[in-house]
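A.B. asks: One structure is given below, represented as structure tokens, and several questions about it will come after.
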Amino acid sequence: MDSTHQEPALIPYRVYVLVWAALVVLTGLTVSAHYADMGHVAILTAILIATLKVTLVMLYFMHLRFASPVLIAMVLFVLLSYTIFLSLTFTDYIAR
Amino acid sequence: MATHSVALDTDSRADYLHATKGLASWLTTTDHKRIGIMYLIMIVAFFFFGATMGILMRLELFSPGQQFLSNGAYNRVLTLHGITMIFLFIIPSIPAVFGNFFLPIMVGANDVAFPRVNLVSWYCYAIGGLFAIISVGLGGPDTGWTFYVPYTATTNANVLIPILAAFILGWSSILTGLNFIVTVHRLRAPGMWWTRLPLFVWGHYATAWIQIVATPVIGITLLLVLMERFLHIPIFDPAVGGDPILYQHLFWIYSHPAVYIMVLPAMGVVSEIIPVFSRKTIFGYKFIAASSMAIATIGSLVWAHHMFTAGMADLARVVFSLLTFLVAIPSGIKILNWLATMYKGSIYLRVPMLYSLAFIFLFSIGGLTGLIQGALATDVHIHDTSFVVAHFHYTMFGGTGVMFFGALHYWFPKMFGRMYNRVVATIGFSTFFIGFNVLYFPLFLAGMHGMPRRYADYLPEYTIYHRISTIGSWIVVASLLVVVGNLVYAYFRGRKASVNPWGAATLEWTVPSPPPTHQFPKPITVTHGPYDYSQIKDWHE
Amino acid sequence: MSEPVTSTNDLEHVQPAAHPVVPYDPVANQIGMWLFLFTEFVLFGILFICFAVYLYEYKWQFEKGSGELNVAFGTINTLILLTSSLTVALAIAAMERSRKSLCVNLLTITVILAMAFFMIKSYEWGMKFEHGIYPGSTHLLEDFTKGENVFFGLYFTMTGLHGLHVLIGVTLLLFVRHKIQRDQVTPARISLLENSGLYWHLVDLIWIFLFPLFYLIS
């Protein structure tokens, strides 16, 4: 049977505030990276920082850090599927 | 054996059909069984509407030259045929009717996880169907069910209403899938381990994931088409910088997995019927369950095989051709396991078994001809010919369509508490099977000789193929009228059915025929697998 | 022997405590909500695929189009949404601790932040319209390259759809807030609040990718 949704103890308020602070810092980072001339790496950097922010939101605000393995597997499965859709579509565009 | 005793025929006033009376009690029901019946009525009705469109097409194609449909009218008829059959018949058919009715019972639950969401999904279906009917009144789209741009963004025919219909119907599909996934995860009765689930349930579980992941793709893609058409937002139109092939990618990212939404439930039904009528447990249970998941996964990665001649890069064409070949493997595994189940079994050729055998034969032909299209070199030759038309009718109609009727004949006694006339049903089936091959096999040959698809007219050398095919279409429709008529008659006048007329071992055959509103008044515990016939005694047809 | 079927009506008349046809199951509600979120992921994900394909095809035109957008507004909006995610997460934490009025207040702040986001976004759109940049405008067609046309087409589509989800989220949060005030959402029956929070975080997630891709690639 599936394990039930067990949050350990209640998550302290400060965890959320710390995550928020990290997100703000990362936002500042991505905006400054925009003003620093990074050439080809610019878009990649922006995407990497955004991915990091999204991961933080999903793990802590959306409680995936404390979710059952079943739910985590579902999320990973969907993200993987999407990545494959994107990659396979590009097999057309990069080789035209 | 389930711990609650096998119920005898209860007071018919207490079963789910008669528990409450009046149209309002049906339109506000959250009983999964009633919702299944409401779907059944509409789905069969839309099937015959779509079949009528097909008959009209085949009449026009009886001879070269125009018979009674202009080219433009023919395009509208074929578009309606595709939209109706795909979105209103095949995709919902087995999950919405039999999935809704039996999946909860098969896992030992009293309903799906979200009964009200289930009702919402039916309303989405009904409203989508209504929009489709309205679009007929407005003349109907002429774009093909595939809505390719830029034509769809510029045609004078009405596309707004049918596209909205498809969008709303997509939500019906998504909500059904969502409900099934949560039901299987959370509502299994004690003892109903994942490895004891009927393969029907595994098939619907795999299907549900495709419904969740793939359906939104067509939702947003159709929305983008509407934005391009009405708001002049450049997305796909090459004149303003768009790429029409991108539309095709997005369209087929849903529409190819959609065919697995169509066929996986049908394969689930076959996996139920064959062991029962071979009196032998299924061969390779885990392989069949895993193959359902594999088909869902790999099948989501092959979409661009619909676009081999559209202008894609060679790299893409090779990658997708390879993946297309891979997806045939798990389907082959299923077929081998079904045959191995029958081997040395004790075969009862009852009507559900006939349909299942027909499925194996017809779907195999369909699947093998799919491989011919999956190979780049041969696809160039037969793309956009009637070869493709024959291929997808063998798989979708000869596959899922056949098993929709097969499932009806298998579960009819349980759903309605009556038995149908077996002789009439067998005659209907046999005539249908012959008519089906007369209708579609010539189209393979015509296509190989170059007959294009979606053409209202053709050169005289193709006449013989079309004549035979059209006659086949009359046989098919006539036989299906007999099949459905026989069932309708049985609903009113059939003899009472027993609890377990087929001697099956899944949970739905332990509850009354027809079941009460709450099939498990007391919680049950499952103690044996779904194909363990050693536990099944005292059954009679 | 079979039990006489006492209930002759549909589910509404079944007492949940005695005969729960489908008992209250927060885990089921959570999984169900995530499944719905997956459809939203895919929906916006496809739009991002369109963006990626056209960015690949029209790189410098996209960079030029991006230059037309106001980074300050985009950054402020990003911070607003991140903070609103914080407040809704805190609201759920408050409810878990039975701090009902704290929860309600945090939800109110979340809604205010959301409306602020929406107003700034509308103002940005207004500015574009005033400069003749809107879907199908002659200015766009005649004075901008095809790639820039596609960029702005995607800009309006994606931020527009996102904005629609902001409005839906606001409606949902107000509805939940109302339910909380009437004690119909409690620590024991918390799914509606948790799931609304998940929806709101989704709105935030989408923007986290929208912001750099539209505003920061010049």
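Residues are named by chain letter and number: chains run A, B, ... in the order of the structure tokens, numbers start at 1 in each chain, and ligands are numbered from 1 in the order shown.
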If you take only C-alpha atoms and a cut-off of 9 Å, which residues of chain B touch chain A, and what are their nearest atom pairs and distances in Å to one decimal, in chain and number order, as JSON lines?

C.D. replies:
```
{"residue": "B:His185", "atom": "CA", "partner": "A:Asp2", "partner_atom": "CA", "distance": 7.1}
{"residue": "B:Arg186", "atom": "CA", "partner": "A:Asp2", "partner_atom": "CA", "distance": 7.7}
{"residue": "B:Arg188", "atom": "CA", "partner": "A:Met1", "partner_atom": "CA", "distance": 8.7}
{"residue": "B:Trp193", "atom": "CA", "partner": "A:Met1", "partner_atom": "CA", "distance": 7.5}
{"residue": "B:Trp194", "atom": "CA", "partner": "A:Met1", "partner_atom": "CA", "distance": 8.4}
{"residue": "B:Val213", "atom": "CA", "partner": "A:Val78", "partner_atom": "CA", "distance": 7.1}
{"residue": "B:Leu246", "atom": "CA", "partner": "A:Thr89", "partner_atom": "CA", "distance": 8.5}
{"residue": "B:His249", "atom": "CA", "partner": "A:Thr89", "partner_atom": "CA", "distance": 7.1}
{"residue": "B:Leu250", "atom": "CA", "partner": "A:Thr89", "partner_atom": "CA", "distance": 8.9}
{"residue": "B:Ile253", "atom": "CA", "partner": "A:Phe85", "partner_atom": "CA", "distance": 7.8}
{"residue": "B:Thr297", "atom": "CA", "partner": "A:Ser81", "partner_atom": "CA", "distance": 8.5}
{"residue": "B:Ser300", "atom": "CA", "partner": "A:Phe85", "partner_atom": "CA", "distance": 8.5}
{"residue": "B:Leu301", "atom": "CA", "partner": "A:Phe85", "partner_atom": "CA", "distance": 7.3}
{"residue": "B:Ala304", "atom": "CA", "partner": "A:Thr89", "partner_atom": "CA", "distance": 8.6}
{"residue": "B:Gly311", "atom": "CA", "partner": "A:Arg96", "partner_atom": "CA", "distance": 8.9}
{"residue": "B:Met312", "atom": "CA", "partner": "A:Asp92", "partner_atom": "CA", "distance": 5.7}
{"residue": "B:Ala313", "atom": "CA", "partner": "A:Arg96", "partner_atom": "CA", "distance": 4.8}
{"residue": "B:Asp314", "atom": "CA", "partner": "A:Ala95", "partner_atom": "CA", "distance": 7.3}
{"residue": "B:Leu315", "atom": "CA", "partner": "A:Thr91", "partner_atom": "CA", "distance": 6.2}
{"residue": "B:Ala316", "atom": "CA", "partner": "A:Asp92", "partner_atom": "CA", "distance": 4.8}
{"residue": "B:Arg317", "atom": "CA", "partner": "A:Asp92", "partner_atom": "CA", "distance": 7.9}
{"residue": "B:Val319", "atom": "CA", "partner": "A:Thr91", "partner_atom": "CA", "distance": 7.9}
{"residue": "B:Phe320", "atom": "CA", "partner": "A:Leu88", "partner_atom": "CA", "distance": 8.4}
```

A.B. asks: With DSSP run on the backbone, what are the helix (DSSP H, G or I) residues within segment 299-369 of chain B? I'd like them as JSON, numbers by chain.

C.D. replies: {"B": [299, 303, 304, 305, 306, 314, 315, 316, 317, 318, 319, 320, 321, 322, 323, 324, 325, 326, 327, 328, 329, 330, 331, 332, 333, 334, 335, 336, 337, 338, 339, 340, 341, 342, 351, 352, 353, 354, 355, 356, 357, 358, 359, 360, 361, 362, 363, 364, 365, 366, 367, 368, 369]}

A.B. asks: Considering only C-alpha atoms, return as a ChimeraX atom specification whatever protein or nucleic-acid residues lie within 9 Å of Met33 of chain C, sequence-local ones (same chain, fewer than 3 positions apart) excluded.

C.D. replies: /C:28-30,36-38,195-196,198-199

A.B. asks: Within 7 Å of segment 169-182 of chain C, counting only C-alpha atoms, which residues show up once you throw out same-chain ones fewer than 2 positions away? Write them as a JSON list (two decimals) with C-alpha atoms, in the first residue's frame, please.

C.D. replies:
```
[["chain", "number", "residue", "atom", "x", "y", "z"],
["C", 104, "VAL", "CA", -7.00, 34.28, 7.16],
["C", 107, "LEU", "CA", -4.42, 34.67, 2.75],
["C", 111, "VAL", "CA", -4.57, 38.06, -2.53],
["C", 114, "ALA", "CA", -1.67, 38.85, -6.43],
["C", 165, "HIS", "CA", -4.36, 31.73, -13.91],
["C", 166, "VAL", "CA", -3.55, 34.53, -11.47],
["C", 167, "LEU", "CA", -7.20, 35.53, -11.53],
["C", 184, "GLN", "CA", -15.55, 24.49, 6.92],
["C", 185, "VAL", "CA", -11.81, 24.21, 6.42],
["C", 186, "THR", "CA", -10.01, 23.08, 9.57],
["C", 192, "LEU", "CA", -8.99, 22.59, 0.12],
["C", 193, "LEU", "CA", -6.47, 25.02, 1.62],
["C", 196, "SER", "CA", -5.31, 25.99, -3.30],
["C", 199, "TYR", "CA", -2.33, 25.94, -7.33],
["C", 200, "TRP", "CA", -0.91, 29.28, -6.25]]
```

A.B. asks: Please determine the contact residues of chain C with respect to chain A at a cut-off of 9 Å, counting only C-alpha atoms, and supply them as an MDAnalysis selection string.

C.D. replies: chainID C and resid 26:27 30:31 34:35 38 41:42 45:46 49 52:53 56:57 71 75 78:79 82:83 85:90 93:94 96:97 194 197:198 201:202 204:206 208:209 211:213 216:218

A.B. asks: Next, the residues of the selection above should be written as a short mmCIF file (atom, residue, chain, number, x, y, z; two decimals), in the first residue's frame with C-alpha atoms.

C.D. replies:
```
data_model
loop_
_atom_site.label_atom_id
_atom_site.label_comp_id
_atom_site.auth_asym_id
_atom_site.auth_seq_id
_atom_site.Cartn_x
_atom_site.Cartn_y
_atom_site.Cartn_z
CA PRO C 26 -6.41 13.99 2.32
CA VAL C 27 -3.77 11.88 0.61
CA GLN C 30 -3.29 15.68 -2.57
CA ILE C 31 -2.50 13.17 -5.32
CA TRP C 34 -0.93 17.07 -8.23
CA LEU C 35 -2.37 15.15 -11.17
CA PHE C 38 0.61 18.00 -14.10
CA PHE C 41 2.72 21.86 -16.25
CA VAL C 42 2.24 20.30 -19.65
CA GLY C 45 5.35 23.41 -20.97
CA ILE C 46 4.13 23.22 -24.55
CA ILE C 49 8.57 24.42 -26.22
CA ALA C 52 12.39 27.39 -27.23
CA VAL C 53 11.93 26.45 -30.87
CA TYR C 56 16.50 28.83 -31.50
CA GLU C 57 15.28 30.03 -34.88
CA VAL C 71 13.18 44.67 -16.41
CA THR C 75 11.70 42.02 -11.27
CA THR C 78 8.80 38.33 -9.58
CA LEU C 79 9.41 39.47 -6.03
CA LEU C 82 7.64 34.91 -4.58
CA THR C 83 6.42 36.73 -1.51
CA SER C 85 4.05 32.08 -2.33
CA LEU C 86 5.64 32.62 1.05
CA THR C 87 2.48 34.03 2.55
CA VAL C 88 0.29 31.22 1.29
CA ALA C 89 2.77 28.63 2.59
CA LEU C 90 2.75 30.40 5.94
CA ALA C 93 1.43 26.38 8.40
CA ALA C 94 -0.77 28.63 10.51
CA GLU C 96 -1.88 23.37 10.81
CA ARG C 97 -1.28 25.07 14.15
CA GLU C 194 -3.44 22.87 0.81
CA GLY C 197 -1.81 26.68 -2.05
CA LEU C 198 -0.44 24.19 -4.56
CA HIS C 201 2.62 27.90 -6.19
CA LEU C 202 2.08 26.67 -9.72
CA ASP C 204 4.56 31.25 -9.18
CA LEU C 205 6.51 28.44 -10.85
CA ILE C 206 5.33 29.48 -14.30
CA ILE C 208 9.80 31.98 -12.43
CA PHE C 209 10.48 30.71 -15.94
CA PHE C 211 10.50 36.22 -16.23
CA PRO C 212 14.07 35.41 -17.36
CA LEU C 213 13.03 34.02 -20.74
CA LEU C 216 16.42 38.85 -19.44
CA ILE C 217 17.66 37.53 -22.73
CA SER C 218 18.62 40.80 -24.36
#
```

A.B. asks: Just want the 10 Å neighbourhood of Ser321 of chain B, counted on only C-alpha atoms, with same-chain residues fewer than 2 positions away dropped. Output as a PyMOL selection string.

C.D. replies: chain B and resi 302-305+308+315-319+323-326+371+373-376

A.B. asks: Give me the residues within 9 Å of segment 129-135 of chain C as a list in words, counting only C-alpha atoms and dropping any in the same chain fewer than 3 places off.

C.D. replies: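 After dropping sequence-adjacent residues, the list is Leu231, His232, Ile233 and Pro234 of chain B; Glu124, Trp125, Gly126, Thr138, His139, Leu140, Asn149, Phe152, Gly153 and Phe156 of chain C.
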
A.B. asks: Looking at C:Tyr215, C:Leu141, C:Lys100, C:Ala188, which one is nearest to chain B, with distances taken over only C-alpha atoms?

C.D. replies: C:Leu141

A.B. asks: Please identify all residues of chain B having at least one atom at most 8 Å from any atom of chain C, considering only C-alpha atoms, and return them as a PyMOL selection string.

C.D. replies: chain B and resi 4-8+14+19-20+29-31+110-114+178-179+182+186+212-217+219-220+231-235+240-242+246+250+516-518+521

A.B. asks: Please identify all polymer residues within 8 Å of segment 390-402 of chain B, counting only C-alpha atoms, omitting same-chain residues fewer than 2 positions from it, and present them as a ChimeraX atom specification.

C.D. replies: /B:90,259,262-263,265-266,355-356,358-360,362-367,369-370,386-388,404-406,436,440-441,443-444
